[in-house]
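Structure file input_33.txt; described as compact mmCIF, C-alpha atoms and all ligand atoms.
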# COMPACT_ATOMS: atom_id res chain seq x y z
CA MET A 1 -78.26 6.82 -16.55
CA ASP A 2 -78.40 3.47 -18.32
CA TYR A 3 -79.54 0.85 -15.87
CA GLU A 4 -77.92 -2.01 -17.66
CA LEU A 5 -74.31 -2.83 -18.35
CA ASN A 6 -73.40 -1.91 -21.91
CA ASP A 7 -71.88 -4.43 -24.32
CA ILE A 8 -68.29 -3.41 -23.52
CA GLN A 9 -68.90 -3.69 -19.76
CA LYS A 10 -70.54 -7.11 -20.19
CA SER A 11 -67.64 -8.28 -22.30
CA ILE A 12 -65.07 -7.06 -19.72
CA GLN A 13 -66.97 -8.88 -16.99
CA GLN A 14 -67.04 -12.10 -19.02
CA THR A 15 -63.37 -11.87 -20.03
CA PHE A 16 -62.20 -11.46 -16.44
CA ARG A 17 -64.67 -14.08 -15.20
CA ASN A 18 -63.21 -16.64 -17.62
CA PHE A 19 -59.65 -15.62 -16.78
CA VAL A 20 -60.33 -15.98 -13.04
CA ASP A 21 -62.12 -19.33 -13.35
CA ASN A 22 -59.41 -20.81 -15.57
CA LYS A 23 -56.22 -19.17 -14.32
CA VAL A 24 -56.67 -17.59 -10.90
CA LYS A 25 -58.99 -19.85 -8.91
CA PRO A 26 -56.85 -22.96 -9.55
CA LEU A 27 -53.79 -21.07 -8.19
CA ALA A 28 -55.46 -19.22 -5.31
CA ALA A 29 -54.51 -21.71 -2.55
CA GLU A 30 -50.93 -21.87 -3.85
CA ILE A 31 -50.70 -18.05 -3.90
CA ASP A 32 -51.84 -18.03 -0.27
CA ASN A 33 -49.58 -20.90 0.89
CA ASN A 34 -46.45 -19.81 -0.99
CA LYS A 35 -47.01 -16.17 -0.02
CA LYS A 36 -46.39 -14.94 -3.53
CA VAL A 37 -48.10 -14.40 -6.86
CA PRO A 38 -46.54 -16.32 -9.77
CA ILE A 39 -44.79 -13.72 -11.90
CA GLU A 40 -46.36 -15.11 -15.12
CA LEU A 41 -49.78 -14.18 -13.78
CA PHE A 42 -48.79 -10.48 -13.77
CA LYS A 43 -47.83 -10.74 -17.42
CA GLU A 44 -51.03 -12.57 -18.31
CA ILE A 45 -53.21 -9.96 -16.68
CA GLY A 46 -51.03 -7.28 -18.27
CA ASP A 47 -51.77 -8.86 -21.66
CA LEU A 48 -55.47 -8.71 -20.81
CA GLY A 49 -55.04 -4.96 -20.41
CA PHE A 50 -55.97 -4.74 -16.74
CA PHE A 51 -53.17 -2.37 -15.71
CA GLY A 52 -54.06 0.11 -18.43
CA MET A 53 -57.83 0.11 -18.06
CA ARG A 54 -57.89 3.48 -16.29
CA TYR A 55 -55.44 5.25 -18.60
CA PRO A 56 -56.26 6.78 -21.98
CA GLU A 57 -55.24 5.14 -25.24
CA SER A 58 -52.71 7.93 -25.81
CA ALA A 59 -50.87 6.69 -22.68
CA GLY A 60 -51.00 3.03 -23.75
CA GLY A 61 -54.16 2.18 -21.84
CA SER A 62 -57.69 1.43 -22.98
CA GLY A 63 -59.45 4.41 -21.38
CA LEU A 64 -62.28 2.30 -20.00
CA ASP A 65 -64.77 3.64 -17.48
CA ILE A 66 -64.64 2.88 -13.78
CA VAL A 67 -67.76 0.72 -14.00
CA SER A 68 -65.79 -1.62 -16.30
CA TYR A 69 -62.75 -1.43 -14.03
CA SER A 70 -64.90 -2.30 -10.98
CA LEU A 71 -66.37 -5.30 -12.79
CA ALA A 72 -62.85 -6.57 -13.52
CA VAL A 73 -61.74 -6.03 -9.90
CA ILE A 74 -64.80 -7.88 -8.54
CA GLU A 75 -64.00 -10.86 -10.74
CA LEU A 76 -60.32 -10.91 -9.73
CA ALA A 77 -61.20 -10.72 -6.04
CA ARG A 78 -63.67 -13.58 -6.51
CA GLY A 79 -60.62 -15.67 -7.45
CA SER A 80 -57.92 -14.44 -5.07
CA LEU A 81 -58.10 -11.30 -2.95
CA SER A 82 -54.29 -11.27 -2.66
CA PHE A 83 -53.80 -11.25 -6.41
CA ALA A 84 -56.65 -8.82 -7.01
CA ALA A 85 -55.40 -6.32 -4.42
CA VAL A 86 -51.81 -6.41 -5.69
CA CYS A 87 -52.99 -5.83 -9.27
CA ALA A 88 -55.50 -3.16 -8.31
CA MET A 89 -52.88 -1.24 -6.32
CA GLN A 90 -50.49 -1.42 -9.27
CA SER A 91 -53.16 -0.32 -11.75
CA LEU A 92 -54.40 2.63 -9.74
CA MET A 93 -51.98 3.81 -7.09
CA ALA A 94 -48.42 2.79 -8.02
CA THR A 95 -48.69 3.94 -11.64
CA TYR A 96 -51.03 6.94 -11.39
CA PHE A 97 -48.44 9.50 -10.27
CA LEU A 98 -46.09 8.40 -13.05
CA TYR A 99 -48.90 8.81 -15.60
CA ARG A 100 -49.70 12.28 -14.25
CA PHE A 101 -46.25 13.72 -13.76
CA ALA A 102 -43.32 11.60 -14.92
CA GLU A 103 -40.94 12.67 -17.68
CA LYS A 104 -40.66 10.73 -20.96
CA LYS A 105 -37.79 8.45 -19.94
CA ILE A 106 -39.53 7.26 -16.75
CA ILE A 107 -42.71 6.66 -18.77
CA GLU A 108 -40.79 4.66 -21.38
CA ASP A 109 -38.73 2.63 -18.92
CA TYR A 110 -41.20 2.09 -16.09
CA PHE A 111 -44.81 3.17 -16.72
CA ASN A 112 -45.15 1.39 -20.07
CA ALA A 113 -43.60 -1.79 -18.66
CA ALA A 114 -45.86 -1.59 -15.58
CA LEU A 115 -48.93 -1.48 -17.83
CA LYS A 116 -47.76 -4.73 -19.43
CA GLY A 117 -47.15 -6.36 -16.03
CA GLU A 118 -43.42 -6.51 -16.78
CA LYS A 119 -42.45 -4.12 -14.01
CA ILE A 120 -43.98 -3.88 -10.54
CA GLY A 121 -44.57 -0.64 -8.70
CA ALA A 122 -45.28 -0.07 -5.01
CA ILE A 123 -46.81 2.84 -3.16
CA CYS A 124 -45.13 4.06 0.04
CA MET A 125 -47.34 6.25 2.20
CA THR A 126 -47.66 4.49 5.56
CA GLU A 127 -44.94 4.76 8.21
CA PRO A 128 -44.64 3.17 11.66
CA ASP A 129 -46.10 6.37 13.21
CA ALA A 130 -48.26 7.51 10.26
CA GLY A 131 -51.19 5.30 9.24
CA SER A 132 -54.57 7.02 8.93
CA ASP A 133 -52.86 10.29 9.78
CA LEU A 134 -50.66 10.92 6.77
CA ASN A 135 -49.83 14.38 8.07
CA SER A 136 -47.53 12.62 10.53
CA ILE A 137 -45.25 11.39 7.73
CA LYS A 138 -41.62 11.96 8.72
CA THR A 139 -39.80 10.79 5.58
CA THR A 140 -38.04 13.86 4.23
CA ALA A 141 -36.31 14.85 0.99
CA LYS A 142 -33.69 17.58 1.31
CA PHE A 143 -32.63 19.51 -1.77
CA LYS A 144 -28.85 19.72 -2.00
CA ASP A 145 -26.47 20.13 -4.96
CA GLU A 146 -29.26 20.00 -7.55
CA GLN A 147 -30.66 16.70 -6.23
CA TYR A 148 -32.96 15.42 -3.51
CA VAL A 149 -31.66 13.26 -0.69
CA LEU A 150 -34.47 11.06 0.63
CA SER A 151 -34.45 9.56 4.12
CA GLY A 152 -37.15 7.75 6.06
CA LEU A 153 -38.83 4.46 6.90
CA LYS A 154 -42.01 3.21 5.24
CA SER A 155 -44.08 0.27 6.48
CA TRP A 156 -46.70 -2.04 5.02
CA VAL A 157 -45.42 -1.55 1.49
CA THR A 158 -47.32 -3.99 -0.72
CA SER A 159 -45.13 -5.80 -3.30
CA ALA A 160 -41.94 -4.24 -1.87
CA PRO A 161 -39.72 -7.34 -2.33
CA ILE A 162 -40.69 -7.67 -6.00
CA ALA A 163 -40.97 -3.96 -6.80
CA ASP A 164 -38.96 -2.33 -9.57
CA PHE A 165 -39.92 1.13 -8.41
CA PHE A 166 -41.53 2.97 -5.50
CA THR A 167 -43.69 6.06 -5.41
CA VAL A 168 -42.87 7.63 -2.08
CA PHE A 169 -44.85 10.23 -0.14
CA SER A 170 -42.42 12.52 1.62
CA ARG A 171 -41.91 15.89 3.19
CA THR A 172 -39.46 18.32 1.67
CA ASP A 173 -37.33 20.57 3.80
CA ASN A 174 -39.04 23.70 2.53
CA HIS A 175 -42.76 22.77 2.48
CA ASP A 176 -45.41 21.55 4.90
CA LYS A 177 -47.45 19.62 2.34
CA LEU A 178 -46.45 16.20 1.07
CA SER A 179 -44.57 15.61 -2.17
CA ILE A 180 -44.21 12.43 -4.21
CA PHE A 181 -40.93 10.95 -5.45
CA PHE A 182 -40.23 8.28 -8.01
CA VAL A 183 -37.59 5.92 -6.62
CA PRO A 184 -36.17 3.04 -8.70
CA ALA A 185 -35.70 0.03 -6.40
CA HIS A 186 -32.06 -0.53 -7.39
CA LEU A 187 -30.80 2.83 -6.09
CA LYS A 188 -28.18 2.87 -3.34
CA GLY A 189 -29.80 3.39 0.06
CA VAL A 190 -33.10 1.65 -0.78
CA ASN A 191 -33.44 -1.31 1.58
CA VAL A 192 -36.39 -3.69 1.67
CA GLY A 193 -36.89 -5.22 5.12
CA LYS A 194 -38.30 -8.62 5.92
CA ASN A 195 -41.85 -9.60 5.00
CA ILE A 196 -44.56 -8.80 7.50
CA ASP A 197 -46.36 -12.07 8.31
CA LYS A 198 -50.11 -11.57 8.51
CA MET A 199 -53.38 -13.47 8.97
CA GLY A 200 -54.82 -12.89 5.49
CA VAL A 201 -54.07 -11.78 1.93
CA CYS A 202 -50.88 -13.80 2.40
CA GLY A 203 -50.01 -13.72 -1.31
CA LEU A 204 -49.88 -9.94 -1.09
CA VAL A 205 -46.41 -9.47 0.31
CA THR A 206 -45.82 -6.44 2.52
CA SER A 207 -42.53 -5.18 3.97
CA GLU A 208 -40.87 -2.20 5.51
CA VAL A 209 -38.70 -0.18 3.15
CA SER A 210 -36.02 2.19 4.40
CA PHE A 211 -34.64 5.04 2.36
CA ASP A 212 -31.20 5.89 3.69
CA GLU A 213 -29.97 9.10 2.09
CA VAL A 214 -31.13 8.01 -1.36
CA LYS A 215 -29.92 10.50 -3.98
CA LEU A 216 -32.59 11.41 -6.52
CA PRO A 217 -32.30 13.68 -9.56
CA ALA A 218 -34.67 16.65 -9.39
CA LYS A 219 -36.81 15.14 -12.17
CA TYR A 220 -37.80 12.29 -9.81
CA LEU A 221 -40.01 14.73 -7.94
CA LEU A 222 -43.45 13.89 -9.41
CA GLY A 223 -45.48 17.08 -9.80
CA GLY A 224 -44.48 20.15 -7.86
CA ILE A 225 -43.37 20.44 -4.29
CA GLY A 226 -46.40 19.84 -2.05
CA GLU A 227 -48.41 18.19 -4.90
CA GLY A 228 -48.79 14.89 -3.02
CA THR A 229 -51.88 15.68 -1.01
CA ASN A 230 -53.74 17.20 -3.98
CA SER A 231 -52.92 14.45 -6.44
CA LEU A 232 -53.82 11.72 -3.94
CA GLY A 233 -57.17 13.52 -3.63
CA GLU A 234 -57.66 13.12 -7.40
CA ILE A 235 -57.86 9.34 -7.09
CA LEU A 236 -59.16 8.93 -3.54
CA SER A 237 -62.72 8.16 -4.67
CA GLU A 238 -61.40 5.64 -7.20
CA ILE A 239 -59.29 3.97 -4.52
CA ARG A 240 -62.39 3.62 -2.33
CA ILE A 241 -64.49 2.31 -5.22
CA MET A 242 -61.71 -0.17 -6.00
CA THR A 243 -61.59 -1.37 -2.37
CA ALA A 244 -65.38 -1.75 -2.38
CA ALA A 245 -65.04 -3.87 -5.54
CA LEU A 246 -62.39 -6.02 -3.82
CA SER A 247 -64.80 -6.48 -0.89
CA ILE A 248 -67.69 -7.45 -3.15
CA GLY A 249 -65.46 -9.93 -5.03
CA VAL A 250 -64.41 -11.88 -1.95
CA ALA A 251 -67.96 -11.74 -0.53
CA THR A 252 -69.33 -13.12 -3.81
CA ALA A 253 -66.92 -16.07 -3.65
CA ALA A 254 -67.96 -16.87 -0.06
CA PHE A 255 -71.67 -16.47 -0.88
CA GLU A 256 -71.49 -18.71 -3.97
CA ASP A 257 -69.64 -21.49 -2.12
CA ALA A 258 -72.02 -21.35 0.87
CA LEU A 259 -75.10 -21.40 -1.37
CA GLU A 260 -73.85 -24.43 -3.26
CA TYR A 261 -73.06 -26.14 0.03
CA ALA A 262 -76.51 -25.34 1.44
CA LYS A 263 -78.09 -27.03 -1.59
CA THR A 264 -75.99 -30.18 -1.42
CA ARG A 265 -75.16 -30.84 2.24
CA VAL A 266 -77.78 -33.18 3.68
CA GLN A 267 -78.48 -33.38 7.43
CA PHE A 268 -81.58 -34.75 9.16
CA GLY A 269 -82.71 -36.12 5.79
CA LYS A 270 -82.76 -32.89 3.77
CA PRO A 271 -80.40 -30.32 2.26
CA ILE A 272 -79.48 -27.83 5.03
CA GLY A 273 -80.71 -25.02 2.71
CA LYS A 274 -84.24 -26.23 3.44
CA PHE A 275 -83.88 -25.24 7.11
CA GLN A 276 -85.27 -21.82 7.88
CA ALA A 277 -82.16 -20.70 9.82
CA ILE A 278 -80.00 -21.29 6.74
CA LYS A 279 -82.56 -19.65 4.42
CA MET A 280 -82.52 -16.50 6.59
CA LYS A 281 -78.73 -16.36 6.47
CA ALA A 282 -78.69 -16.80 2.67
CA ALA A 283 -81.36 -14.11 2.20
CA ASP A 284 -79.52 -11.64 4.46
CA MET A 285 -76.30 -12.25 2.54
CA ALA A 286 -78.04 -11.77 -0.81
CA VAL A 287 -79.57 -8.46 0.36
CA GLN A 288 -76.21 -7.14 1.55
CA LEU A 289 -74.34 -8.24 -1.55
CA GLU A 290 -76.93 -6.82 -3.93
CA THR A 291 -77.13 -3.52 -2.03
CA ALA A 292 -73.33 -3.16 -2.03
CA LYS A 293 -73.19 -3.87 -5.77
CA GLN A 294 -75.88 -1.32 -6.59
CA MET A 295 -74.10 1.29 -4.50
CA LEU A 296 -70.82 0.44 -6.17
CA PHE A 297 -72.15 0.82 -9.71
CA TYR A 298 -73.93 4.06 -8.83
CA THR A 299 -70.76 5.53 -7.29
CA ALA A 300 -68.64 4.32 -10.22
CA TRP A 301 -71.16 5.93 -12.57
CA LEU A 302 -70.91 9.23 -10.65
CA CYS A 303 -67.15 9.01 -11.04
CA ASP A 304 -67.43 8.31 -14.78
CA GLN A 305 -69.70 11.38 -15.17
CA ASP A 306 -67.21 13.42 -13.13
CA LEU A 307 -69.98 14.27 -10.66
CA PRO A 308 -69.32 14.81 -6.93
CA ARG A 309 -68.86 11.39 -5.32
CA GLN A 310 -66.66 11.81 -2.25
CA LYS A 311 -69.46 10.99 0.20
CA GLU A 312 -70.76 8.08 -1.90
CA ALA A 313 -67.24 6.63 -2.30
CA SER A 314 -66.75 6.64 1.47
CA ILE A 315 -70.22 5.13 2.01
CA VAL A 316 -69.74 2.31 -0.50
CA LYS A 317 -66.26 1.43 0.78
CA LEU A 318 -67.52 1.37 4.37
CA TYR A 319 -70.67 -0.62 3.56
CA ALA A 320 -69.09 -3.12 1.16
CA SER A 321 -66.14 -3.94 3.42
CA GLU A 322 -68.32 -4.35 6.52
CA CYS A 323 -70.75 -6.54 4.50
CA ALA A 324 -67.90 -8.61 3.08
CA ASN A 325 -66.81 -9.48 6.61
CA THR A 326 -70.36 -10.32 7.72
CA ILE A 327 -70.99 -12.38 4.60
CA CYS A 328 -67.74 -14.35 4.93
CA ASP A 329 -68.57 -14.99 8.59
CA GLN A 330 -72.12 -16.18 7.82
CA ALA A 331 -70.98 -18.24 4.84
CA SER A 332 -68.38 -19.95 7.00
CA ARG A 333 -71.07 -20.83 9.57
CA ILE A 334 -73.19 -22.44 6.83
CA MET A 335 -70.24 -24.67 5.94
CA ALA A 336 -69.41 -25.30 9.63
CA SER A 337 -66.40 -27.67 9.86
CA TYR A 338 -65.89 -27.52 6.09
CA GLY A 339 -65.68 -23.74 6.41
CA TYR A 340 -62.97 -24.19 9.03
CA ALA A 341 -60.78 -26.63 7.10
CA SER A 342 -57.79 -25.32 5.15
CA GLU A 343 -58.67 -27.76 2.37
CA TYR A 344 -61.51 -25.45 1.29
CA PRO A 345 -61.23 -21.78 0.35
CA MET A 346 -63.83 -20.54 2.85
CA GLU A 347 -61.38 -20.04 5.72
CA ARG A 348 -59.16 -18.04 3.34
CA TYR A 349 -62.06 -15.77 2.35
CA LEU A 350 -62.73 -15.12 6.02
CA ARG A 351 -59.08 -14.29 6.75
CA ASP A 352 -58.63 -12.24 3.58
CA ALA A 353 -61.79 -10.17 4.03
CA ARG A 354 -60.33 -8.50 7.16
CA PHE A 355 -57.93 -6.62 4.88
CA THR A 356 -60.81 -4.76 3.24
CA LEU A 357 -61.58 -3.14 6.62
CA ILE A 358 -58.14 -1.50 6.65
CA GLY A 359 -56.93 -0.69 3.12
CA GLY A 360 -58.51 2.37 1.48
CA GLY A 361 -59.38 3.87 4.89
CA THR A 362 -60.58 2.20 8.08
CA SER A 363 -64.30 2.20 8.88
CA GLU A 364 -63.80 4.86 11.56
CA ILE A 365 -61.95 7.17 9.19
CA LEU A 366 -64.65 6.68 6.53
CA LYS A 367 -67.39 7.53 9.04
CA LEU A 368 -65.50 10.71 9.92
CA GLN A 369 -65.30 11.53 6.20
CA ILE A 370 -69.03 10.90 5.70
CA ALA A 371 -69.85 13.09 8.73
CA LYS A 372 -67.64 15.83 7.27
CA GLU A 373 -69.54 15.61 3.96
CA LEU A 374 -72.74 15.99 6.01
CA GLY A 375 -71.38 19.26 7.35
CA LEU A 376 -70.50 17.93 10.83
C1 LIG B 401 -52.31 -5.91 3.92
C2 LIG B 401 -52.02 -4.44 3.95
C3 LIG B 401 -51.41 -3.85 2.85
C4 LIG B 401 -51.07 -2.49 2.89
N1 LIG B 401 -50.42 -1.93 1.81
C5 LIG B 401 -50.01 -0.64 1.89
C6 LIG B 401 -49.22 -0.07 0.82
O1 LIG B 401 -48.95 -0.70 -0.20
N2 LIG B 401 -48.78 1.21 0.97
C7 LIG B 401 -49.07 1.96 2.08
O2 LIG B 401 -48.65 3.11 2.14
N3 LIG B 401 -49.81 1.45 3.11
C8 LIG B 401 -50.27 0.16 3.04
N4 LIG B 401 -51.01 -0.38 4.07
C9 LIG B 401 -51.23 0.42 5.28
C10 LIG B 401 -52.64 0.92 5.43
O3 LIG B 401 -52.90 1.92 4.48
C11 LIG B 401 -52.78 1.41 6.88
O4 LIG B 401 -52.70 0.25 7.68
C12 LIG B 401 -54.05 2.15 7.11
O5 LIG B 401 -53.95 3.43 6.56
C13 LIG B 401 -54.39 2.28 8.62
O6 LIG B 401 -53.29 2.73 9.33
P1 LIG B 401 -52.82 1.98 10.68
O7 LIG B 401 -52.85 0.52 10.44
O8 LIG B 401 -51.54 2.59 11.09
O9 LIG B 401 -53.96 2.29 11.72
P2 LIG B 401 -54.12 3.62 12.63
O10 LIG B 401 -54.24 4.82 11.76
O11 LIG B 401 -53.09 3.64 13.69
O12 LIG B 401 -55.53 3.34 13.30
C14 LIG B 401 -55.70 2.47 14.42
C15 LIG B 401 -57.17 2.50 14.82
O13 LIG B 401 -57.52 3.83 15.25
C16 LIG B 401 -58.59 4.32 14.47
N5 LIG B 401 -58.43 5.75 14.26
C17 LIG B 401 -57.34 6.41 13.77
N6 LIG B 401 -57.57 7.73 13.73
C18 LIG B 401 -58.84 7.93 14.18
C19 LIG B 401 -59.66 9.09 14.36
N7 LIG B 401 -59.24 10.29 14.04
N8 LIG B 401 -60.90 8.90 14.85
C20 LIG B 401 -61.36 7.66 15.14
N9 LIG B 401 -60.63 6.54 15.00
C21 LIG B 401 -59.38 6.66 14.52
C22 LIG B 401 -58.55 3.53 13.18
O14 LIG B 401 -59.80 3.50 12.52
C23 LIG B 401 -58.12 2.17 13.68
O15 LIG B 401 -59.24 1.49 14.18
C24 LIG B 401 -51.38 -1.72 4.05
C25 LIG B 401 -52.04 -2.32 5.13
C26 LIG B 401 -52.34 -3.67 5.10
C27 LIG B 401 -53.02 -4.30 6.29
Please re-express this file's structure in structure tokens.
Ligand SMILES: Cc1cc2nc3c(=O)[nH]c(=O)nc-3n(C[C@H](O)[C@H](O)[C@H](O)COP(=O)(O)OP(=O)(O)OC[C@H]3O[C@@H](n4cnc5c(N)ncnc54)[C@H](O)[C@@H]3O)c2cc1C
Amino acid sequence: MDYELNDIQKSIQQTFRNFVDNKVKPLAAEIDNNKKVPIELFKEIGDLGFFGMRYPESAGGSGLDIVSYSLAVIELARGSLSFAAVCAMQSLMATYFLYRFAEKKIIEDYFNAALKGEKIGAICMTEPDAGSDLNSIKTTAKFKDEQYVLSGLKSWVTSAPIADFFTVFSRTDNHDKLSIFFVPAHLKGVNVGKNIDKMGVCGLVTSEVSFDEVKLPAKYLLGGIGEGTNSLGEILSEIRIMTAALSIGVATAAFEDALEYAKTRVQFGKPIGKFQAIKMKAADMAVQLETAKQMLFYTAWLCDQDLPRQKEASIVKLYASECANTICDQASRIMASYGYASEYPMERYLRDARFTLIGGGTSEILKLQIAKELGL
């Protein structure tokens, strides 16, 4: 294993760092306040190739490794966790099942446009009574007259109000396992409910979506009947690595701001960073951040080598998201009242970081997964 980023990885990191400093950071407060991501930003990041990083060149992507992808996600989340999470979900979850299973016309009309940031996709797994326990999904597709009729209610659907298409996890009337359907947003019976107001990642808009007897041609079934669970398993480690990268990104932003503040804020005649209590906090944060990063790159490397990484992916997601919340909390304490004021981004980091404890598996679910990998 090379213990240094290669030239391509360094260049990806630098490209996204520049993009975030110039284009994302200046808009981050507006994204949060207006509760939406400016549509031009999707196109700009599409032009940078973000949405296609994980797909091969033959599919219109750049076929980059997951270490490179993680570096890009960290940088985006350093700028705005809302924007980063929306883009990461589009790049990995909303488009993956199209890439794997969709027929040519869907690829031409939707997948290719999604890679350019010209169309937005959303993933619909969660339901009011099915969160961590996806086996409780009730949405059902019934096969009748050569087509599927989809009915059910999905909740917490990221990007629903701006989505051009949905990938929907559903039961079918003749199979226990979950199947996945491609559902264009304009179809009759697709209804997006009102936005769910939340404490953080406010620019990442989430809504309920109801599917009321939506008629779907048979070709909108992605993969075979019952393929949903298996194909979700194919990208589960990547989803967890991606969520760890989101966590590290927001933690890095909070750490950098707090460190700068500790060096410049003078109380009792010296910069507060000269007080031992602040030094201890900064050192603890640095240890956590560095440990999370090392674990992330190791797990991403395992993934790139196609080595077993289920346990490591759960560990890094759990550790990085818990650390992100501790780091944002400690960083906010260093900035005290300035960390509490809406004028500065620190309070947003603190609110946003809570999301990383939920998306990609809650800490409890990840611990159960790790225990299972340990044979318990
Ligand atoms: C901002 C945001 C965006 C989202 N975007 C999407 C999206 O685009 N698409 C989508 O499908 N979903 C989305 N989700 C939903 C998300 O995936 C779920 O919230 C997540 O899976 C957890 O489900 P839940 O909230 O229903 O919690 P629950 O599963 O009800 O869990 C509640 C609590 O019980 C614990 N718990 C549950 N089961 C066990 C167990 N067996 N043992 C121990 N403890 C347990 C959990 O850890 C948690 O603490 C989003 C959520 C948020 C907050």
Smallest atom-to-atom distance to ligand LIG 401 (chain B): which of A:Gly226, A:Pro161, A:Gly52, A:Pro345, using all atoms listed in the file?
A:Pro161
At a cut-off of 10 Å around the point (-67.5, 0.0, -1.7) (file coordinates), what residues fall inside when counting only C-alpha atoms? I'd like the answer as JSON, numbers by chain.
{"A": [70, 237, 238, 239, 240, 241, 242, 243, 244, 245, 246, 247, 248, 292, 293, 294, 295, 296, 297, 299, 300, 312, 313, 314, 315, 316, 317, 318, 319, 320, 321, 322, 323, 324, 356, 360]}
Using all atoms listed in the file, can you list as a list in words the residues within 9 Å of (-54.9, 11.1, -8.5)?
Leu92, Met93, Tyr96, Phe97, Arg100, Asn230, Ser231, Leu232, Gly233, Glu234, Ile235, Leu236 and Glu238 of chain A
Neighbours of ligand LIG 401 (chain B) within 6 Å, counting only C-alpha atoms and all ligand atoms, as a list in words?
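Using only C-alpha atoms and all ligand atoms, everything at most 6 Å from ligand LIG 401 (chain B) comes to Ile123, Cys124, Met125, Thr126, Ala130, Gly131, Ser132, Asp133, Trp156, Val157, Thr158, Phe355, Ile358, Gly359, Gly361, Thr362, Ser363, Glu364 and Ile365 of chain A.
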Rank A:Ile66, A:Met53, A:Ile74, A:Ala160 by their smallest atom-to-atom distance to Leu289 in chain A, using all atoms listed in the file, and report the top residue only.
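Of A:Ile66, A:Met53, A:Ile74, A:Ala160, the one nearest Leu289 in chain A, counting all atoms listed in the file, is A:Ile74.
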Find the residues near Lys119 in chain A: any atom within 7 Å, counting only C-alpha atoms, skip ones fewer than 6 places away on the same chain, and give them as a list in words.
Tyr110, Ala113 and Asp164 of chain A
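When all atoms listed in the file are used to compute distances to Glu44 in chain A, the closest of the residues A:Ile370, A:Ala218, A:Val20, A:Met285 turns out to be A:Val20.
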Written record: range 157-194 of chain A, C-alpha atoms, as a JSON list (two decimals), in the first residue's frame:
[["chain", "number", "residue", "atom", "x", "y", "z"],
["A", 157, "VAL", "CA", -36.52, 11.84, 0.77],
["A", 158, "THR", "CA", -33.54, 14.13, 0.17],
["A", 159, "SER", "CA", -33.95, 16.49, -2.83],
["A", 160, "ALA", "CA", -37.56, 15.33, -3.40],
["A", 161, "PRO", "CA", -38.94, 18.77, -4.40],
["A", 162, "ILE", "CA", -36.23, 19.26, -7.03],
["A", 163, "ALA", "CA", -35.93, 15.64, -8.15],
["A", 164, "ASP", "CA", -36.41, 14.60, -11.76],
["A", 165, "PHE", "CA", -36.50, 10.94, -10.84],
["A", 166, "PHE", "CA", -36.75, 8.63, -7.83],
["A", 167, "THR", "CA", -35.23, 5.23, -7.18],
["A", 168, "VAL", "CA", -37.75, 3.53, -4.96],
["A", 169, "PHE", "CA", -37.28, 0.49, -2.73],
["A", 170, "SER", "CA", -40.47, -1.53, -2.76],
["A", 171, "ARG", "CA", -42.01, -4.90, -2.18],
["A", 172, "THR", "CA", -43.57, -6.77, -5.05],
["A", 173, "ASP", "CA", -46.69, -8.83, -4.61],
["A", 174, "ASN", "CA", -44.86, -12.07, -5.35],
["A", 175, "HIS", "CA", -41.56, -11.74, -3.44],
["A", 176, "ASP", "CA", -40.39, -11.17, 0.13],
["A", 177, "LYS", "CA", -37.17, -9.37, -0.78],
["A", 178, "LEU", "CA", -37.07, -5.74, -1.83],
["A", 179, "SER", "CA", -36.99, -4.58, -5.44],
["A", 180, "ILE", "CA", -35.98, -1.22, -6.88],
["A", 181, "PHE", "CA", -38.03, 0.86, -9.31],
["A", 182, "PHE", "CA", -37.10, 3.83, -11.44],
["A", 183, "VAL", "CA", -39.85, 6.44, -11.17],
["A", 184, "PRO", "CA", -39.75, 9.68, -13.20],
["A", 185, "ALA", "CA", -41.03, 12.51, -10.99],
["A", 186, "HIS", "CA", -43.61, 13.72, -13.54],
["A", 187, "LEU", "CA", -45.65, 10.50, -13.55],
["A", 188, "LYS", "CA", -49.29, 10.64, -12.47],
["A", 189, "GLY", "CA", -49.67, 9.57, -8.85],
["A", 190, "VAL", "CA", -46.24, 10.85, -7.69],
["A", 191, "ASN", "CA", -46.87, 13.49, -5.04],
["A", 192, "VAL", "CA", -44.16, 15.35, -3.14],
["A", 193, "GLY", "CA", -45.32, 16.48, 0.30],
["A", 194, "LYS", "CA", -44.21, 19.54, 2.20]]
